[in-house]
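Below is work-v8.txt, which holds compact mmCIF, C-alpha atoms and all ligand atoms.
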# COMPACT_ATOMS: atom_id res chain seq x y z
CA MET I 26 0.00 0.00 0.00
CA GLU I 27 1.37 3.36 -0.97
CA ARG I 28 2.02 5.93 1.72
CA ARG I 29 -0.66 8.54 1.63
CA LYS I 30 0.23 12.00 0.44
CA VAL I 31 0.23 14.82 2.91
CA ILE I 32 -2.65 17.12 2.12
CA ASN I 33 -3.33 20.39 3.84
CA ASP I 34 -6.81 21.01 5.12
CA LYS I 35 -8.79 24.09 4.19
CA ASN I 36 -7.60 26.02 7.23
CA GLY I 37 -3.99 25.50 6.26
CA GLY I 38 -3.35 23.04 9.06
CA ASP I 39 -1.60 19.83 8.16
CA ILE I 40 -3.88 17.38 9.89
CA ARG I 41 -2.39 14.25 8.37
CA ARG I 42 1.32 14.67 8.92
CA PHE I 43 2.99 12.22 11.27
CA ALA I 44 6.68 13.10 11.31
CA PHE I 45 7.92 9.63 12.20
CA GLY I 46 5.61 7.65 9.86
CA ILE I 47 3.29 5.83 12.21
CA ARG I 48 2.59 3.16 9.64
CA THR I 49 6.25 2.13 9.52
CA VAL I 50 6.60 2.25 13.29
CA HIS I 51 3.48 0.15 13.72
CA SER I 52 4.73 -2.38 11.20
CA ILE I 53 7.96 -2.76 13.20
CA TYR I 54 5.86 -3.17 16.36
CA ARG I 55 3.82 -5.90 14.65
CA PHE I 56 7.03 -7.66 13.60
CA LEU I 57 8.36 -7.67 17.17
CA ILE I 58 5.07 -8.77 18.74
CA ASN I 59 4.89 -11.58 16.19
CA ILE I 60 8.02 -13.15 17.73
CA PHE I 61 6.13 -13.78 20.98
CA TYR I 62 2.54 -14.01 19.69
CA PRO I 63 2.57 -15.38 16.14
CA ASN I 64 0.09 -13.84 13.76
CA ILE I 65 -2.80 -16.14 12.82
CA CYS I 66 -5.37 -16.22 10.04
CA PRO I 67 -8.69 -15.11 11.58
CA CYS I 68 -10.63 -17.63 9.49
CA CYS I 69 -8.68 -20.87 10.07
CA GLU I 70 -6.12 -19.89 12.77
CA GLU I 71 -3.14 -21.07 10.72
CA ILE I 72 0.08 -19.18 11.51
CA ILE I 73 0.79 -16.54 8.86
CA ASP I 74 3.41 -13.84 8.21
CA TYR I 75 3.36 -10.87 10.62
CA ASN I 76 1.95 -8.47 8.03
CA ASP I 77 -0.52 -10.84 6.32
CA ASP I 78 -4.26 -10.48 6.79
CA PHE I 79 -5.42 -14.01 5.85
CA CYS I 80 -3.73 -17.23 4.76
CA ASP I 81 -3.67 -17.74 0.99
CA GLU I 82 -6.29 -20.47 1.04
CA CYS I 83 -8.84 -18.47 3.07
CA HIS I 84 -8.14 -15.34 1.07
CA SER I 85 -8.87 -17.19 -2.17
CA LYS I 86 -12.29 -18.17 -0.77
CA LEU I 87 -13.41 -14.67 0.19
CA ILE I 88 -16.24 -13.31 -1.94
CA MET I 89 -15.50 -9.67 -2.65
CA TYR I 90 -18.25 -7.10 -2.06
CA ASN I 91 -19.46 -5.80 -5.39
CA GLU I 92 -23.00 -4.68 -4.62
CA LYS I 93 -24.50 -1.25 -4.30
CA PHE I 94 -26.00 -0.62 -0.90
CA TYR I 95 -27.41 2.71 0.21
CA ILE I 96 -27.08 3.88 3.80
CA GLU I 97 -29.23 6.83 4.76
CA ASN I 98 -27.23 9.90 5.91
CA ALA I 99 -23.95 8.53 4.51
CA ASP I 100 -22.50 9.75 1.22
CA LEU I 101 -21.05 6.36 0.39
CA PHE I 102 -21.06 2.83 1.73
CA THR I 103 -18.52 0.18 0.91
CA ALA I 104 -17.41 -3.17 2.28
CA TYR I 105 -14.52 -5.51 1.61
CA CYS I 106 -16.28 -8.85 1.28
CA MET I 107 -19.55 -10.68 1.69
CA TYR I 108 -20.51 -12.20 5.02
CA ASP I 109 -20.21 -15.77 3.93
CA GLY I 110 -18.37 -19.01 4.60
CA LYS I 111 -15.25 -18.63 6.68
CA VAL I 112 -15.75 -14.90 7.19
CA ARG I 113 -18.74 -15.77 9.36
CA TYR I 114 -16.48 -17.68 11.74
CA ALA I 115 -13.92 -14.86 11.90
CA VAL I 116 -16.50 -12.12 12.53
CA ARG I 117 -18.42 -14.09 15.16
CA LYS I 118 -15.25 -15.07 16.99
CA PHE I 119 -14.01 -11.49 16.97
CA LYS I 120 -17.17 -10.40 18.79
CA TYR I 121 -16.24 -12.51 21.79
CA GLU I 122 -12.47 -12.77 21.62
CA PRO I 123 -10.14 -10.04 20.29
CA ARG I 124 -7.09 -12.30 20.00
CA GLY I 125 -5.16 -13.04 16.85
CA ASN I 126 -5.15 -10.98 13.76
CA ALA I 127 -8.82 -10.23 13.15
CA TYR I 128 -8.84 -6.48 13.76
CA TYR I 129 -5.74 -5.99 11.59
CA ALA I 130 -7.17 -8.20 8.82
CA PHE I 131 -10.52 -6.41 8.96
CA ALA I 132 -8.80 -3.00 8.84
CA CYS I 133 -6.71 -4.06 5.81
CA GLY I 134 -9.94 -5.16 4.11
CA ILE I 135 -11.70 -1.87 4.79
CA VAL I 136 -8.69 0.10 3.52
CA GLN I 137 -8.68 -1.95 0.31
CA ALA I 138 -12.41 -1.34 -0.12
CA LEU I 139 -11.82 2.41 0.26
CA GLN I 140 -9.03 2.25 -2.30
CA ARG I 141 -11.30 0.39 -4.72
CA GLU I 142 -13.72 3.32 -4.42
CA ASN I 143 -10.87 5.86 -4.77
CA VAL I 144 -11.83 7.66 -1.56
CA ALA I 145 -8.99 6.67 0.82
CA GLU I 146 -7.04 9.85 0.10
CA GLU I 147 -9.84 12.24 0.96
CA ILE I 148 -10.63 10.94 4.45
CA ASP I 149 -9.68 13.31 7.26
CA GLU I 150 -10.25 10.95 10.17
CA VAL I 151 -11.73 7.64 11.21
CA VAL I 152 -14.29 7.22 13.97
CA TYR I 153 -15.75 4.09 15.52
CA ILE I 154 -19.14 3.02 16.82
CA PRO I 155 -19.30 3.62 20.58
CA MET I 156 -20.64 1.16 23.13
CA THR I 157 -22.57 1.90 26.27
CA ARG I 158 -20.68 1.44 29.52
CA LYS I 159 -22.80 -1.62 30.29
CA ALA I 160 -22.05 -3.28 26.94
CA TYR I 161 -18.35 -2.42 27.24
CA SER I 162 -18.02 -3.89 30.72
CA LYS I 163 -19.73 -7.09 29.52
CA ARG I 164 -17.45 -7.56 26.49
CA GLY I 165 -14.32 -5.90 27.81
CA TYR I 166 -13.38 -4.22 24.53
CA ASN I 167 -14.90 -2.29 21.65
CA GLN I 168 -14.28 -4.27 18.46
CA THR I 169 -14.85 -1.35 16.09
CA LYS I 170 -12.34 0.75 18.05
CA LEU I 171 -9.68 -1.95 17.56
CA ILE I 172 -10.31 -1.91 13.80
CA ALA I 173 -10.38 1.91 13.64
CA LYS I 174 -7.02 2.08 15.44
CA GLU I 175 -5.48 -0.17 12.78
CA ILE I 176 -6.96 2.02 10.02
CA HIS I 177 -5.38 4.99 11.80
CA TYR I 178 -1.98 3.34 11.32
CA LEU I 179 -2.58 2.07 7.78
CA LEU I 180 -3.91 5.35 6.37
CA GLU I 181 -2.00 7.61 8.76
CA ILE I 182 -5.09 9.55 9.69
CA PRO I 183 -6.32 10.50 13.18
CA CYS I 184 -8.68 8.20 15.06
CA ARG I 185 -10.66 9.97 17.74
CA ASN I 186 -13.32 9.08 20.25
CA VAL I 187 -15.88 11.31 18.56
CA LEU I 188 -19.23 9.57 19.01
CA VAL I 189 -21.04 8.82 22.25
CA LYS I 190 -24.08 6.65 22.77
CA THR I 191 -26.93 8.67 24.20
CA HIS I 192 -28.89 5.78 25.71
CA GLU I 193 -28.91 2.03 26.19
CA THR I 194 -30.22 0.12 23.18
CA LYS I 195 -31.46 -3.44 22.83
CA SER I 196 -29.28 -6.08 21.20
CA GLN I 197 -29.88 -5.84 17.44
CA LYS I 198 -29.56 -9.52 16.68
CA SER I 199 -33.18 -10.56 17.21
CA LEU I 200 -34.69 -7.43 15.62
CA GLY I 201 -35.97 -6.93 12.08
CA ALA I 202 -34.89 -4.03 9.86
CA TYR I 203 -37.64 -1.64 11.03
CA GLU I 204 -37.13 -2.47 14.73
CA ARG I 205 -33.38 -1.97 14.35
CA ARG I 206 -33.96 1.53 13.01
CA ILE I 207 -36.34 2.42 15.84
CA ASN I 208 -34.02 0.87 18.43
CA LEU I 209 -31.09 3.03 17.30
CA LYS I 210 -32.97 6.25 16.54
CA ASP I 211 -30.86 9.18 17.83
CA ALA I 212 -28.64 6.71 19.69
CA PHE I 213 -25.45 8.63 18.90
CA MET I 214 -24.21 12.16 19.25
CA VAL I 215 -20.90 13.89 18.59
CA ARG I 216 -18.92 14.89 21.68
CA GLU I 217 -19.09 18.59 22.43
CA LYS I 218 -15.37 19.20 21.93
CA ALA I 219 -14.95 16.94 18.89
CA ASP I 220 -14.98 19.31 15.95
CA VAL I 221 -15.95 17.46 12.78
CA SER I 222 -17.24 20.43 10.83
CA GLY I 223 -16.12 20.57 7.21
CA LYS I 224 -14.31 17.21 7.46
CA CYS I 225 -14.62 13.98 5.54
CA ILE I 226 -15.22 11.35 8.20
CA LEU I 227 -14.91 7.58 7.85
CA VAL I 228 -17.18 5.63 10.19
CA ILE I 229 -16.62 1.90 10.36
CA ASP I 230 -18.18 -1.30 11.62
CA ASP I 231 -16.99 -4.89 11.39
CA LEU I 232 -20.22 -6.16 9.87
CA CYS I 233 -23.13 -4.42 8.15
CA THR I 234 -26.56 -6.04 7.93
CA THR I 235 -29.29 -3.41 7.54
CA GLY I 236 -26.95 -0.43 7.94
CA SER I 237 -28.96 1.02 10.85
CA THR I 238 -25.93 1.54 13.09
CA LEU I 239 -23.81 3.22 10.42
CA SER I 240 -26.78 5.32 9.33
CA GLU I 241 -27.41 6.67 12.83
CA ALA I 242 -23.71 7.36 13.32
CA ALA I 243 -23.65 9.20 9.98
CA ARG I 244 -26.71 11.19 11.01
CA ALA I 245 -24.95 12.41 14.18
CA LEU I 246 -21.79 13.31 12.24
CA LYS I 247 -23.71 15.23 9.58
CA LYS I 248 -25.72 17.03 12.24
CA ALA I 249 -22.43 18.14 13.81
CA GLY I 250 -21.30 19.60 10.49
CA ALA I 251 -19.28 16.84 8.80
CA LYS I 252 -18.87 17.67 5.11
CA LYS I 253 -18.89 14.05 3.97
CA VAL I 254 -19.46 10.75 5.75
CA ILE I 255 -18.12 7.53 4.30
CA ALA I 256 -19.47 4.38 5.94
CA ALA I 257 -17.52 1.16 5.60
CA ALA I 258 -17.64 -2.36 6.97
CA PHE I 259 -15.38 -5.34 6.63
CA ALA I 260 -18.25 -7.62 5.61
CA LYS I 261 -21.77 -7.11 4.31
CA THR I 262 -24.58 -9.63 4.60
CA LYS I 263 -26.40 -10.57 1.42
CA GLY I 264 -29.75 -8.85 0.96
CA LYS I 265 -31.81 -9.21 4.10
CA GLU I 266 -29.79 -12.02 5.63
CA SER I 267 -29.87 -11.75 9.38
CA ALA I 268 -26.69 -11.90 11.38
CA ASN I 269 -25.47 -11.35 14.88
CA SER I 270 -24.77 -7.78 13.97
CA THR I 271 -26.04 -4.34 13.19
ZN ZN E 1 -6.89 -19.24 6.81
Could the structure of this file be written out as structure tokens, please?
Amino acid sequence: MERRKVINDKNGGDIRRFAFGIRTVHSIYRFLINIFYPNICPCCEEIIDYNDDFCDECHSKLIMYNEKFYIENADLFTAYCMYDGKVRYAVRKFKYEPRGNAYYAFACGIVQALQRENVAEEIDEVVYIPMTRKAYSKRGYNQTKLIAKEIHYLLEIPCRNVLVKTHETKSQKSLGAYERRINLKDAFMVREKADVSGKCILVIDDLCTTGSTLSEAARALKKAGAKKVIAAAFAKTKGKESANST
């Protein structure tokens, strides 16, 4: 992946410059960590090279996302692959166990999807879907934050804690499309001090089913003045297929 060009924002501030090249530094970190905790393929758990996302066999079985899916409030939606076969195992496992390589592999996938759409260069920062305190204490980590942090390194763009959840919501997994929308209505807002006005914001999720979560996040970002919101997920379910997701 080519290093992104440094582009000045409209106010003249260089918001993308990282003097020491965080992508390179992070790659060295991954290499060192790999000595003690070998990198594994998130689909089959075979040991792979420290900078690989999937093993060759699993990668060859991924079905690339090539559909058009509209998410209300977002200017664009894209995904890396379809939620199918071995991806299902990787995504489900990641929801309960953040070990291995899943968040790095998912981030690489999202970055490639953004590059396919030729929008990677215009993104000012990446934000993740927040969890309520209750949900966080139950799971112990926020999976979309882990992916967003990796995108921060790969694209060398800031990743900030911009969105907050305004109220507890029900688990989405047993709800239909309409109920999901109602459940998440006005569930997010932008933090008071997080200035997103005039920026192109990338909001990500690991899996997209109906798009309700990304749509509500995009609504909050647009309301706070974001110029453009790009929504992206690692995997997208086919049509109306239900999944343990949002
Ligand atoms: Zn594999």
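Near Cys233 in chain I, within 10 Å and counting only C-alpha atoms, sit I:Phe102, I:Thr103, I:Ala104, I:Met107, I:Tyr108, I:Ile229, I:Asp230, I:Gly236, I:Ser237, I:Thr238, I:Leu239, I:Ala256, I:Ala257, I:Ala258, I:Phe259, I:Ala260, I:Lys261, I:Thr262, I:Lys263, I:Ala268, I:Asn269, I:Ser270, I:Thr271, not including residues fewer than 3 positions from it in the same chain.
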Margin query: Neighbours of ligand ZN 1 (chain E) at 9 Å or closer, counting all atoms listed in the file: which residues, as a PyMOL selection string?
Written below: chain I and resi 65-73+79-84+111
Output C-alpha atoms of each residue in that selection to a file, as a short mmCIF file (atom, residue, chain, number, x, y, z; two decimals), in the coordinates of the input.
data_model
loop_
_atom_site.label_atom_id
_atom_site.label_comp_id
_atom_site.auth_asym_id
_atom_site.auth_seq_id
_atom_site.Cartn_x
_atom_site.Cartn_y
_atom_site.Cartn_z
CA ILE I 65 -2.80 -16.14 12.82
CA CYS I 66 -5.37 -16.22 10.04
CA PRO I 67 -8.69 -15.11 11.58
CA CYS I 68 -10.63 -17.63 9.49
CA CYS I 69 -8.68 -20.87 10.07
CA GLU I 70 -6.12 -19.89 12.77
CA GLU I 71 -3.14 -21.07 10.72
CA ILE I 72 0.08 -19.18 11.51
CA ILE I 73 0.79 -16.54 8.86
CA PHE I 79 -5.42 -14.01 5.85
CA CYS I 80 -3.73 -17.23 4.76
CA ASP I 81 -3.67 -17.74 0.99
CA GLU I 82 -6.29 -20.47 1.04
CA CYS I 83 -8.84 -18.47 3.07
CA HIS I 84 -8.14 -15.34 1.07
CA LYS I 111 -15.25 -18.63 6.68
#
Margin query: Quick one: residues within 7 Å of Val221 in chain I, all atoms listed in the file, excluding same-chain residues fewer than 2 positions away - as a PyMOL selection string?
Written below: chain I and resi 219+223-224+249-251
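Going from CA of Lys218 in chain I to CA of Leu188 in chain I covers 10.8 Å.
Here CA of Ala99 in chain I and CA of Ile47 in chain I stand 28.4 Å from one another.
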Item checked: Point-to-point distance in Å for CA of Asp231 in chain I and CA of Lys86 in chain I -> 18.6 Å
Reconstruct N, CA and C atoms of range 134-158 of chain I; output as a PDB file, keeping the file's coordinate frame.
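part-v4.pdb was written with the following content:
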ATOM      1  N   GLY I 134      -8.826  -4.985   5.053  1.00  0.00           N
ATOM      2  CA  GLY I 134      -9.940  -5.160   4.110  1.00  0.00           C
ATOM      3  C   GLY I 134     -10.669  -3.858   3.871  1.00  0.00           C
ATOM      4  N   ILE I 135     -10.975  -3.139   4.943  1.00  0.00           N
ATOM      5  CA  ILE I 135     -11.700  -1.870   4.790  1.00  0.00           C
ATOM      6  C   ILE I 135     -10.861  -0.873   3.989  1.00  0.00           C
ATOM      7  N   VAL I 136      -9.564  -0.823   4.259  1.00  0.00           N
ATOM      8  CA  VAL I 136      -8.690   0.100   3.520  1.00  0.00           C
ATOM      9  C   VAL I 136      -8.692  -0.253   2.031  1.00  0.00           C
ATOM     10  N   GLN I 137      -8.644  -1.541   1.736  1.00  0.00           N
ATOM     11  CA  GLN I 137      -8.680  -1.950   0.310  1.00  0.00           C
ATOM     12  C   GLN I 137     -10.010  -1.583  -0.344  1.00  0.00           C
ATOM     13  N   ALA I 138     -11.095  -1.723   0.420  1.00  0.00           N
ATOM     14  CA  ALA I 138     -12.410  -1.340  -0.120  1.00  0.00           C
ATOM     15  C   ALA I 138     -12.450   0.159  -0.406  1.00  0.00           C
ATOM     16  N   LEU I 139     -11.859   0.956   0.458  1.00  0.00           N
ATOM     17  CA  LEU I 139     -11.820   2.410   0.260  1.00  0.00           C
ATOM     18  C   LEU I 139     -10.970   2.761  -0.958  1.00  0.00           C
ATOM     19  N   GLN I 140      -9.890   2.001  -1.137  1.00  0.00           N
ATOM     20  CA  GLN I 140      -9.030   2.250  -2.300  1.00  0.00           C
ATOM     21  C   GLN I 140      -9.725   1.851  -3.602  1.00  0.00           C
ATOM     22  N   ARG I 141     -10.518   0.786  -3.525  1.00  0.00           N
ATOM     23  CA  ARG I 141     -11.300   0.390  -4.720  1.00  0.00           C
ATOM     24  C   ARG I 141     -12.243   1.507  -5.137  1.00  0.00           C
ATOM     25  N   GLU I 142     -12.766   2.233  -4.140  1.00  0.00           N
ATOM     26  CA  GLU I 142     -13.720   3.320  -4.420  1.00  0.00           C
ATOM     27  C   GLU I 142     -13.009   4.660  -4.661  1.00  0.00           C
ATOM     28  N   ASN I 143     -11.684   4.640  -4.578  1.00  0.00           N
ATOM     29  CA  ASN I 143     -10.870   5.860  -4.770  1.00  0.00           C
ATOM     30  C   ASN I 143     -11.218   6.977  -3.797  1.00  0.00           C
ATOM     31  N   VAL I 144     -11.487   6.631  -2.546  1.00  0.00           N
ATOM     32  CA  VAL I 144     -11.830   7.660  -1.560  1.00  0.00           C
ATOM     33  C   VAL I 144     -10.850   7.687  -0.375  1.00  0.00           C
ATOM     34  N   ALA I 145      -9.899   6.765  -0.345  1.00  0.00           N
ATOM     35  CA  ALA I 145      -8.990   6.670   0.820  1.00  0.00           C
ATOM     36  C   ALA I 145      -8.235   7.970   1.062  1.00  0.00           C
ATOM     37  N   GLU I 146      -7.873   8.644  -0.018  1.00  0.00           N
ATOM     38  CA  GLU I 146      -7.040   9.850   0.100  1.00  0.00           C
ATOM     39  C   GLU I 146      -7.786  11.068   0.654  1.00  0.00           C
ATOM     40  N   GLU I 147      -9.111  11.040   0.556  1.00  0.00           N
ATOM     41  CA  GLU I 147      -9.840  12.240   0.960  1.00  0.00           C
ATOM     42  C   GLU I 147     -10.339  12.193   2.405  1.00  0.00           C
ATOM     43  N   ILE I 148     -10.102  11.085   3.084  1.00  0.00           N
ATOM     44  CA  ILE I 148     -10.630  10.940   4.450  1.00  0.00           C
ATOM     45  C   ILE I 148      -9.762  11.713   5.442  1.00  0.00           C
ATOM     46  N   ASP I 149     -10.408  12.521   6.265  1.00  0.00           N
ATOM     47  CA  ASP I 149      -9.680  13.310   7.260  1.00  0.00           C
ATOM     48  C   ASP I 149      -9.456  12.541   8.560  1.00  0.00           C
ATOM     49  N   GLU I 150     -10.454  11.772   8.978  1.00  0.00           N
ATOM     50  CA  GLU I 150     -10.250  10.950  10.170  1.00  0.00           C
ATOM     51  C   GLU I 150     -11.235   9.798  10.235  1.00  0.00           C
ATOM     52  N   VAL I 151     -10.880   8.817  11.061  1.00  0.00           N
ATOM     53  CA  VAL I 151     -11.730   7.640  11.210  1.00  0.00           C
ATOM     54  C   VAL I 151     -12.349   7.639  12.604  1.00  0.00           C
ATOM     55  N   VAL I 152     -13.628   7.324  12.673  1.00  0.00           N
ATOM     56  CA  VAL I 152     -14.290   7.220  13.970  1.00  0.00           C
ATOM     57  C   VAL I 152     -14.954   5.840  14.074  1.00  0.00           C
ATOM     58  N   TYR I 153     -15.181   5.420  15.300  1.00  0.00           N
ATOM     59  CA  TYR I 153     -15.750   4.090  15.520  1.00  0.00           C
ATOM     60  C   TYR I 153     -17.095   4.188  16.229  1.00  0.00           C
ATOM     61  N   ILE I 154     -17.826   3.099  16.174  1.00  0.00           N
ATOM     62  CA  ILE I 154     -19.140   3.020  16.820  1.00  0.00           C
ATOM     63  C   ILE I 154     -18.936   2.846  18.332  1.00  0.00           C
ATOM     64  N   PRO I 155     -19.497   3.740  19.124  1.00  0.00           N
ATOM     65  CA  PRO I 155     -19.300   3.620  20.580  1.00  0.00           C
ATOM     66  C   PRO I 155     -20.187   2.543  21.207  1.00  0.00           C
ATOM     67  N   MET I 156     -19.810   2.114  22.375  1.00  0.00           N
ATOM     68  CA  MET I 156     -20.640   1.160  23.130  1.00  0.00           C
ATOM     69  C   MET I 156     -21.085   1.843  24.413  1.00  0.00           C
ATOM     70  N   THR I 157     -22.179   1.374  24.957  1.00  0.00           N
ATOM     71  CA  THR I 157     -22.570   1.900  26.270  1.00  0.00           C
ATOM     72  C   THR I 157     -21.616   1.294  27.314  1.00  0.00           C
ATOM     73  N   ARG I 158     -21.564   1.924  28.462  1.00  0.00           N
ATOM     74  CA  ARG I 158     -20.680   1.440  29.520  1.00  0.00           C
ATOM     75  C   ARG I 158     -21.023  -0.016  29.899  1.00  0.00           C
TER      76      ARG I 158
END
